[in-house]
Amino acid sequence: MFHTQDYLRAVQDLSQGGFEQNGWMYGFGPGDNPVWPEMDKVERLKAGSAIQAAELVAAGKVEVAFAFAGGMHHAHANRASGFCVFNDPVLAIHYLLRQGMRVAYIDVDAHHGDGVQAAFYTSDQVLTISLHESGQFLFPGTGFTHETGSGAGDGYSANVPLAPYTDDETYLWAFREVVPPLIRRFQPDAIVSQLGVDTHYDDPLTHLMLSTHGFAKVVETIRDLAPRWVALGGGGYALDVVPRAWTLAYGIMRDEPFPDDLPPAYTARYSGSRLHDSNWPELDPGSQVKVRRYAETQVHDLKRRLNL
Ligand SMILES: [Zn+2]
């Protein structure tokens, strides 16, 4: 299980013993998790934003709160991983659990939400669901259908690995086959969602092919399922996609869509003039069939394992 004390101990070890001695123990170093000035302060702010979102939602002050700097889903209890230092989704979920709430976690980042899954793998109070590009092809190499939880948590972890080039149509089919029935069966008091947008066709780090239209439909479905909702950010490495996608998400949360025209200050800096994608690459029919068949195999296998 996850303990905040593990992080505090890591920070203390690093400051006392120096990075050279202890950095490797905690996942820091060249690569995905370099140490940089004010890292601790900035990462604490991200984690704090997620905890504050959970506080507002749990207190009933708002029905939904969006902490878009959060969503650092790869961090583990004792190590940084995949650009993630503190696992704010786990911290937010723990806050909600302490208020006596059952929590469902929905992760739509292109990468498997491994750190969150690991934190609650033996718990039946948290249902974790992750849809992602298969670990066969992408970091962190986990998130297969057989990872369904253990002990009391058996049946409370769900993973839908998808093939590279999966597009809106197949993604939405898989999402709707798995997520609404699992949420209805679990009956959470609150949903925590990680809304990574590195599923986009323009993202340089992954190979999924969603558009902002597909992403917005996913967000709308989560909204319709959530009794209370803590929304977090996540991955996204196409800089002209991230602000558009999360603005769309924010409009859905407000139940008041924003106009599709973008302000001149934005279009002067980034490409595109509309909030939604206005054109996007289409898969050839042969590839469409392949990604759909891959998704169908995974979804059917997962449903069998979870008696869904
Ligand atoms: Zn990601």
# chains A, B, ... in the order shown; residues from 1 in each chain; ligands from 1
>>> residues_around(residues="Thr145 in chain A", least_positions_apart="5", cutoff="9 Å", atoms="only C-alpha atoms", output="PyMOL selection string")
chain A and resi 158-161+298-299+301-302+305
>>> residues_near_ligand(ligand="ligand 1", cutoff="12 Å", atoms="only C-alpha atoms and all ligand atoms", output="compact mmCIF listing (two decimals) with C-alpha atoms, in the first residue's frame")
# COMPACT_ATOMS: atom_id res chain seq x y z
CA GLY A 71 -2.56 12.79 -12.81
CA MET A 72 1.01 11.60 -12.11
CA HIS A 73 -0.08 7.99 -12.28
CA HIS A 74 3.27 6.20 -12.70
CA SER A 81 8.71 6.75 -12.57
CA GLY A 82 7.69 7.97 -16.03
CA PHE A 83 7.90 11.75 -15.33
CA CYS A 84 5.93 11.21 -12.10
CA ASP A 107 -7.51 6.25 -16.33
CA VAL A 108 -7.68 7.16 -20.03
CA ASP A 109 -4.03 8.18 -20.46
CA ALA A 110 -2.27 6.37 -23.34
CA HIS A 111 -0.02 4.70 -20.74
CA HIS A 112 -1.14 2.14 -18.16
CA GLY A 113 -1.96 3.66 -14.76
CA ASP A 114 0.44 1.28 -13.03
CA SER A 130 -7.22 1.73 -17.20
CA LEU A 131 -7.53 1.86 -20.99
CA HIS A 132 -4.19 2.32 -22.71
CA GLU A 133 -1.90 1.38 -25.55
CA SER A 134 -0.82 -2.18 -24.79
CA GLY A 135 2.24 -2.71 -22.61
CA LEU A 138 4.54 1.08 -24.76
CA PHE A 139 5.88 2.08 -21.34
CA PRO A 140 5.42 0.90 -18.58
CA GLN A 194 -6.96 10.65 -14.99
CA LEU A 195 -7.58 12.51 -18.26
CA GLY A 196 -4.25 12.14 -20.06
CA VAL A 197 -4.47 13.33 -23.66
CA ASP A 198 -1.44 11.51 -25.04
CA THR A 199 -3.95 9.25 -26.83
CA HIS A 200 -4.16 11.96 -29.52
CA ASP A 203 1.14 12.90 -29.73
CA PRO A 204 4.85 12.25 -30.32
CA LEU A 205 5.30 9.64 -27.56
CA THR A 206 2.49 7.17 -28.27
CA HIS A 207 0.71 5.51 -31.17
CA LEU A 208 -3.01 5.77 -30.49
CA GLY A 233 -4.75 15.83 -15.84
CA GLY A 234 -2.08 13.43 -17.05
CA GLY A 235 0.12 12.89 -20.07
CA GLY A 236 0.06 14.92 -23.26
CA TYR A 237 3.11 15.88 -25.30
CA ALA A 238 1.63 17.65 -28.34
>>> select_by_dssp(residues="range 52-298 of chain A", states="strand (DSSP E or B)", output="ChimeraX atom specification")
/A:64-67,76,79,81,84,103-107,126-133,157-162,167,190-194,200,209-210,229-232,261,274
>>> closest_atom_pairs(of="range 112-171 of chain A", to="range 285-293 of chain A", cutoff="12 Å", atoms="only C-alpha atoms", output="CSV")
residue,atom,partner,partner_atom,distance
A:Glu133,CA,A:Val291,CA,11.0
A:Ser134,CA,A:Val291,CA,11.5
A:Pro161,CA,A:Val291,CA,11.0
A:Leu162,CA,A:Val291,CA,7.6
A:Ala163,CA,A:Val291,CA,5.7
A:Pro164,CA,A:Val291,CA,7.5
A:Tyr165,CA,A:Val291,CA,7.0
A:Thr166,CA,A:Val291,CA,5.5
A:Asp167,CA,A:Gln288,CA,7.9
A:Asp168,CA,A:Gln288,CA,10.6
A:Glu169,CA,A:Arg292,CA,8.7
A:Thr170,CA,A:Arg292,CA,5.7
A:Tyr171,CA,A:Arg292,CA,8.6
>>> write_last_selection(atoms="all heavy atoms", output="compact mmCIF listing (two decimals), in the first residue's frame")
# COMPACT_ATOMS: atom_id res chain seq x y z
N GLU A 133 -2.63 2.14 -24.53
CA GLU A 133 -1.90 1.38 -25.55
C GLU A 133 -1.21 0.21 -24.85
O GLU A 133 -0.61 0.39 -23.79
CB GLU A 133 -0.87 2.28 -26.24
CG GLU A 133 -0.13 1.56 -27.36
CD GLU A 133 0.80 2.49 -28.15
OE1 GLU A 133 0.60 3.72 -28.12
OE2 GLU A 133 1.73 1.98 -28.77
N SER A 134 -1.31 -0.97 -25.44
CA SER A 134 -0.82 -2.18 -24.79
C SER A 134 0.62 -2.07 -24.32
O SER A 134 1.48 -1.50 -25.00
CB SER A 134 -0.92 -3.36 -25.76
OG SER A 134 -0.23 -4.47 -25.25
N PRO A 161 -5.96 -3.24 -22.73
CA PRO A 161 -4.84 -2.86 -23.60
C PRO A 161 -5.32 -2.74 -25.05
O PRO A 161 -6.13 -3.56 -25.50
CB PRO A 161 -3.86 -4.03 -23.46
CG PRO A 161 -4.57 -5.11 -22.70
CD PRO A 161 -5.96 -4.65 -22.36
N LEU A 162 -4.86 -1.72 -25.73
CA LEU A 162 -5.30 -1.47 -27.11
C LEU A 162 -4.11 -1.47 -28.05
O LEU A 162 -2.97 -1.19 -27.64
CB LEU A 162 -6.04 -0.13 -27.17
CG LEU A 162 -7.34 -0.10 -26.35
CD1 LEU A 162 -7.78 1.34 -26.09
CD2 LEU A 162 -8.44 -0.90 -27.04
N ALA A 163 -4.39 -1.73 -29.33
CA ALA A 163 -3.32 -1.80 -30.33
C ALA A 163 -2.91 -0.39 -30.75
O ALA A 163 -3.72 0.54 -30.69
CB ALA A 163 -3.82 -2.57 -31.55
N PRO A 164 -1.64 -0.22 -31.18
CA PRO A 164 -1.26 1.05 -31.80
C PRO A 164 -2.23 1.37 -32.94
O PRO A 164 -2.75 0.45 -33.58
CB PRO A 164 0.14 0.77 -32.35
CG PRO A 164 0.66 -0.37 -31.53
CD PRO A 164 -0.55 -1.18 -31.16
N TYR A 165 -2.49 2.64 -33.14
CA TYR A 165 -3.38 3.16 -34.20
C TYR A 165 -4.88 2.98 -33.90
O TYR A 165 -5.71 3.23 -34.76
CB TYR A 165 -3.05 2.57 -35.58
CG TYR A 165 -1.58 2.67 -35.90
CD1 TYR A 165 -0.80 1.54 -36.05
CD2 TYR A 165 -0.97 3.93 -35.98
CE1 TYR A 165 0.57 1.65 -36.29
CE2 TYR A 165 0.39 4.04 -36.22
CZ TYR A 165 1.15 2.90 -36.37
OH TYR A 165 2.49 3.01 -36.59
N THR A 166 -5.19 2.58 -32.68
CA THR A 166 -6.62 2.52 -32.30
C THR A 166 -7.22 3.92 -32.43
O THR A 166 -6.66 4.90 -31.93
CB THR A 166 -6.77 2.00 -30.86
OG1 THR A 166 -6.30 0.65 -30.83
CG2 THR A 166 -8.21 2.06 -30.38
N ASP A 167 -8.36 4.00 -33.12
CA ASP A 167 -8.97 5.31 -33.40
C ASP A 167 -10.20 5.56 -32.51
O ASP A 167 -10.55 4.73 -31.67
CB ASP A 167 -9.34 5.41 -34.89
CG ASP A 167 -10.30 4.30 -35.31
OD1 ASP A 167 -10.67 3.45 -34.47
OD2 ASP A 167 -10.69 4.28 -36.50
N ASP A 168 -10.85 6.69 -32.73
CA ASP A 168 -12.01 7.08 -31.90
C ASP A 168 -13.04 5.96 -31.81
O ASP A 168 -13.53 5.63 -30.73
CB ASP A 168 -12.72 8.31 -32.50
CG ASP A 168 -11.97 9.60 -32.25
OD1 ASP A 168 -11.07 9.63 -31.39
OD2 ASP A 168 -12.30 10.60 -32.92
N GLU A 169 -13.40 5.43 -32.99
CA GLU A 169 -14.51 4.49 -33.04
C GLU A 169 -14.25 3.25 -32.20
O GLU A 169 -15.08 2.86 -31.36
CB GLU A 169 -14.76 4.09 -34.50
CG GLU A 169 -16.07 3.42 -34.73
CD GLU A 169 -16.22 2.95 -36.18
OE1 GLU A 169 -15.73 3.65 -37.09
OE2 GLU A 169 -16.81 1.88 -36.38
N THR A 170 -13.07 2.65 -32.37
CA THR A 170 -12.76 1.44 -31.61
C THR A 170 -12.55 1.75 -30.13
O THR A 170 -12.98 1.01 -29.25
CB THR A 170 -11.53 0.73 -32.22
OG1 THR A 170 -11.91 0.23 -33.50
CG2 THR A 170 -11.05 -0.41 -31.35
N TYR A 171 -11.88 2.88 -29.85
CA TYR A 171 -11.63 3.25 -28.45
C TYR A 171 -12.97 3.42 -27.72
O TYR A 171 -13.16 2.89 -26.62
CB TYR A 171 -10.83 4.54 -28.37
CG TYR A 171 -10.35 4.87 -26.98
CD1 TYR A 171 -9.07 4.56 -26.55
CD2 TYR A 171 -11.21 5.50 -26.07
CE1 TYR A 171 -8.64 4.85 -25.27
CE2 TYR A 171 -10.79 5.80 -24.79
CZ TYR A 171 -9.51 5.48 -24.39
OH TYR A 171 -9.09 5.77 -23.12
>>> residues_around(residues="Phe258 in chain A", least_positions_apart="4", cutoff="12 Å", atoms="only C-alpha atoms", output="JSON, numbers by chain")
{"A": [244, 245, 246, 247, 248, 249, 250, 251, 252, 253, 254, 262, 263, 274, 275, 276]}
>>> closest_residue(among="A:Ile129, A:Met101, A:Ala59, A:Ala77", to="Leu182 in chain A", atoms="only C-alpha atoms")
A:Ile129
>>> decode(residues="range 163-213 of chain A", atoms="N, CA and C atoms", output="CSV table (one decimal), in the first residue's frame")
chain,number,residue,atom,x,y,z
A,163,ALA,N,-4.4,-1.7,-29.3
A,163,ALA,CA,-3.3,-1.8,-30.3
A,163,ALA,C,-2.9,-0.4,-30.8
A,164,PRO,N,-1.6,-0.2,-31.2
A,164,PRO,CA,-1.3,1.1,-31.8
A,164,PRO,C,-2.2,1.4,-32.9
A,165,TYR,N,-2.5,2.6,-33.1
A,165,TYR,CA,-3.4,3.2,-34.2
A,165,TYR,C,-4.9,3.0,-33.9
A,166,THR,N,-5.2,2.6,-32.7
A,166,THR,CA,-6.6,2.5,-32.3
A,166,THR,C,-7.2,3.9,-32.4
A,167,ASP,N,-8.4,4.0,-33.1
A,167,ASP,CA,-9.0,5.3,-33.4
A,167,ASP,C,-10.2,5.6,-32.5
A,168,ASP,N,-10.9,6.7,-32.7
A,168,ASP,CA,-12.0,7.1,-31.9
A,168,ASP,C,-13.0,6.0,-31.8
A,169,GLU,N,-13.4,5.4,-33.0
A,169,GLU,CA,-14.5,4.5,-33.0
A,169,GLU,C,-14.3,3.2,-32.2
A,170,THR,N,-13.1,2.6,-32.4
A,170,THR,CA,-12.8,1.4,-31.6
A,170,THR,C,-12.5,1.8,-30.1
A,171,TYR,N,-11.9,2.9,-29.8
A,171,TYR,CA,-11.6,3.2,-28.4
A,171,TYR,C,-13.0,3.4,-27.7
A,172,LEU,N,-13.9,4.2,-28.3
A,172,LEU,CA,-15.2,4.4,-27.7
A,172,LEU,C,-16.0,3.2,-27.5
A,173,TRP,N,-15.9,2.3,-28.5
A,173,TRP,CA,-16.6,1.0,-28.4
A,173,TRP,C,-16.0,0.2,-27.1
A,174,ALA,N,-14.7,0.1,-27.0
A,174,ALA,CA,-14.1,-0.6,-25.9
A,174,ALA,C,-14.5,0.1,-24.6
A,175,PHE,N,-14.4,1.4,-24.5
A,175,PHE,CA,-14.7,2.1,-23.3
A,175,PHE,C,-16.1,1.9,-22.9
A,176,ARG,N,-17.1,1.9,-23.8
A,176,ARG,CA,-18.5,1.8,-23.4
A,176,ARG,C,-18.8,0.3,-23.1
A,177,GLU,N,-18.1,-0.6,-23.6
A,177,GLU,CA,-18.3,-2.0,-23.3
A,177,GLU,C,-17.9,-2.3,-21.8
A,178,VAL,N,-16.9,-1.6,-21.4
A,178,VAL,CA,-16.3,-2.0,-20.1
A,178,VAL,C,-16.6,-1.1,-18.9
A,179,VAL,N,-16.4,0.2,-19.2
A,179,VAL,CA,-16.5,1.2,-18.1
A,179,VAL,C,-17.9,1.4,-17.5
A,180,PRO,N,-18.9,1.7,-18.2
A,180,PRO,CA,-20.2,1.9,-17.6
A,180,PRO,C,-20.7,0.7,-16.8
A,181,PRO,N,-20.6,-0.6,-17.4
A,181,PRO,CA,-21.1,-1.7,-16.6
A,181,PRO,C,-20.3,-1.9,-15.3
A,182,LEU,N,-19.0,-1.7,-15.4
A,182,LEU,CA,-18.2,-1.9,-14.1
A,182,LEU,C,-18.5,-0.8,-13.1
A,183,ILE,N,-18.7,0.4,-13.5
A,183,ILE,CA,-19.1,1.5,-12.6
A,183,ILE,C,-20.4,1.2,-12.0
A,184,ARG,N,-21.4,0.8,-12.8
A,184,ARG,CA,-22.7,0.5,-12.3
A,184,ARG,C,-22.7,-0.6,-11.3
A,185,ARG,N,-21.9,-1.6,-11.5
A,185,ARG,CA,-21.8,-2.8,-10.6
A,185,ARG,C,-21.1,-2.3,-9.3
A,186,PHE,N,-20.1,-1.5,-9.4
A,186,PHE,CA,-19.3,-1.1,-8.2
A,186,PHE,C,-20.0,-0.1,-7.3
A,187,GLN,N,-20.8,0.8,-8.0
A,187,GLN,CA,-21.5,1.8,-7.3
A,187,GLN,C,-20.7,2.7,-6.4
A,188,PRO,N,-19.7,3.4,-7.0
A,188,PRO,CA,-18.8,4.3,-6.2
A,188,PRO,C,-19.6,5.5,-5.7
A,189,ASP,N,-19.0,6.1,-4.6
A,189,ASP,CA,-19.5,7.4,-4.1
A,189,ASP,C,-18.8,8.5,-4.9
A,190,ALA,N,-17.7,8.2,-5.5
A,190,ALA,CA,-17.0,9.3,-6.3
A,190,ALA,C,-16.1,8.6,-7.3
A,191,ILE,N,-15.9,9.3,-8.4
A,191,ILE,CA,-15.0,8.9,-9.4
A,191,ILE,C,-13.8,9.8,-9.5
A,192,VAL,N,-12.6,9.2,-9.5
A,192,VAL,CA,-11.4,10.0,-9.8
A,192,VAL,C,-10.9,9.6,-11.2
A,193,SER,N,-10.8,10.6,-12.1
A,193,SER,CA,-10.4,10.2,-13.4
A,193,SER,C,-9.0,10.9,-13.8
A,194,GLN,N,-8.2,10.1,-14.5
A,194,GLN,CA,-7.0,10.7,-15.0
A,194,GLN,C,-7.2,10.9,-16.5
A,195,LEU,N,-7.2,12.2,-16.9
A,195,LEU,CA,-7.6,12.5,-18.3
A,195,LEU,C,-6.4,12.8,-19.2
A,196,GLY,N,-5.4,12.0,-19.2
A,196,GLY,CA,-4.3,12.1,-20.1
A,196,GLY,C,-4.7,12.3,-21.5
A,197,VAL,N,-4.1,13.1,-22.3
A,197,VAL,CA,-4.5,13.3,-23.7
A,197,VAL,C,-3.4,12.9,-24.6
A,198,ASP,N,-2.5,12.0,-24.1
A,198,ASP,CA,-1.4,11.5,-25.0
A,198,ASP,C,-2.0,10.4,-25.9
A,199,THR,N,-3.3,10.2,-25.9
A,199,THR,CA,-3.9,9.2,-26.8
A,199,THR,C,-4.1,9.9,-28.2
A,200,HIS,N,-3.9,11.2,-28.3
A,200,HIS,CA,-4.2,12.0,-29.5
A,200,HIS,C,-3.3,11.5,-30.7
A,201,TYR,N,-3.8,11.6,-31.9
A,201,TYR,CA,-3.0,11.2,-33.1
A,201,TYR,C,-1.8,12.0,-33.3
A,202,ASP,N,-1.7,13.2,-32.8
A,202,ASP,CA,-0.5,14.0,-33.0
A,202,ASP,C,0.5,13.8,-31.9
A,203,ASP,N,0.2,13.0,-30.9
A,203,ASP,CA,1.1,12.9,-29.7
A,203,ASP,C,2.4,12.2,-30.2
A,204,PRO,N,3.6,12.8,-29.8
A,204,PRO,CA,4.8,12.3,-30.3
A,204,PRO,C,5.3,11.0,-29.5
A,205,LEU,N,4.8,10.7,-28.4
A,205,LEU,CA,5.3,9.6,-27.6
A,205,LEU,C,4.5,8.3,-27.7
A,206,THR,N,3.3,8.4,-28.3
A,206,THR,CA,2.5,7.2,-28.3
A,206,THR,C,2.0,6.9,-29.7
A,207,HIS,N,1.2,5.9,-29.8
A,207,HIS,CA,0.7,5.5,-31.2
A,207,HIS,C,-0.8,5.3,-31.3
A,208,LEU,N,-1.5,5.8,-30.3
A,208,LEU,CA,-3.0,5.8,-30.5
A,208,LEU,C,-3.4,6.9,-31.4
A,209,MET,N,-4.7,6.9,-31.9
A,209,MET,CA,-5.1,7.8,-32.9
A,209,MET,C,-6.4,8.5,-32.6
A,210,LEU,N,-6.6,8.9,-31.3
A,210,LEU,CA,-7.8,9.6,-31.0
A,210,LEU,C,-7.8,11.0,-31.4
A,211,SER,N,-9.0,11.6,-31.7
A,211,SER,CA,-9.1,13.0,-31.9
A,211,SER,C,-9.7,13.6,-30.7
A,212,THR,N,-9.8,15.0,-30.7
A,212,THR,CA,-10.4,15.6,-29.6
A,212,THR,C,-11.9,15.3,-29.5
A,213,HIS,N,-12.5,14.9,-30.6
A,213,HIS,CA,-13.9,14.5,-30.6
A,213,HIS,C,-14.1,13.2,-29.7
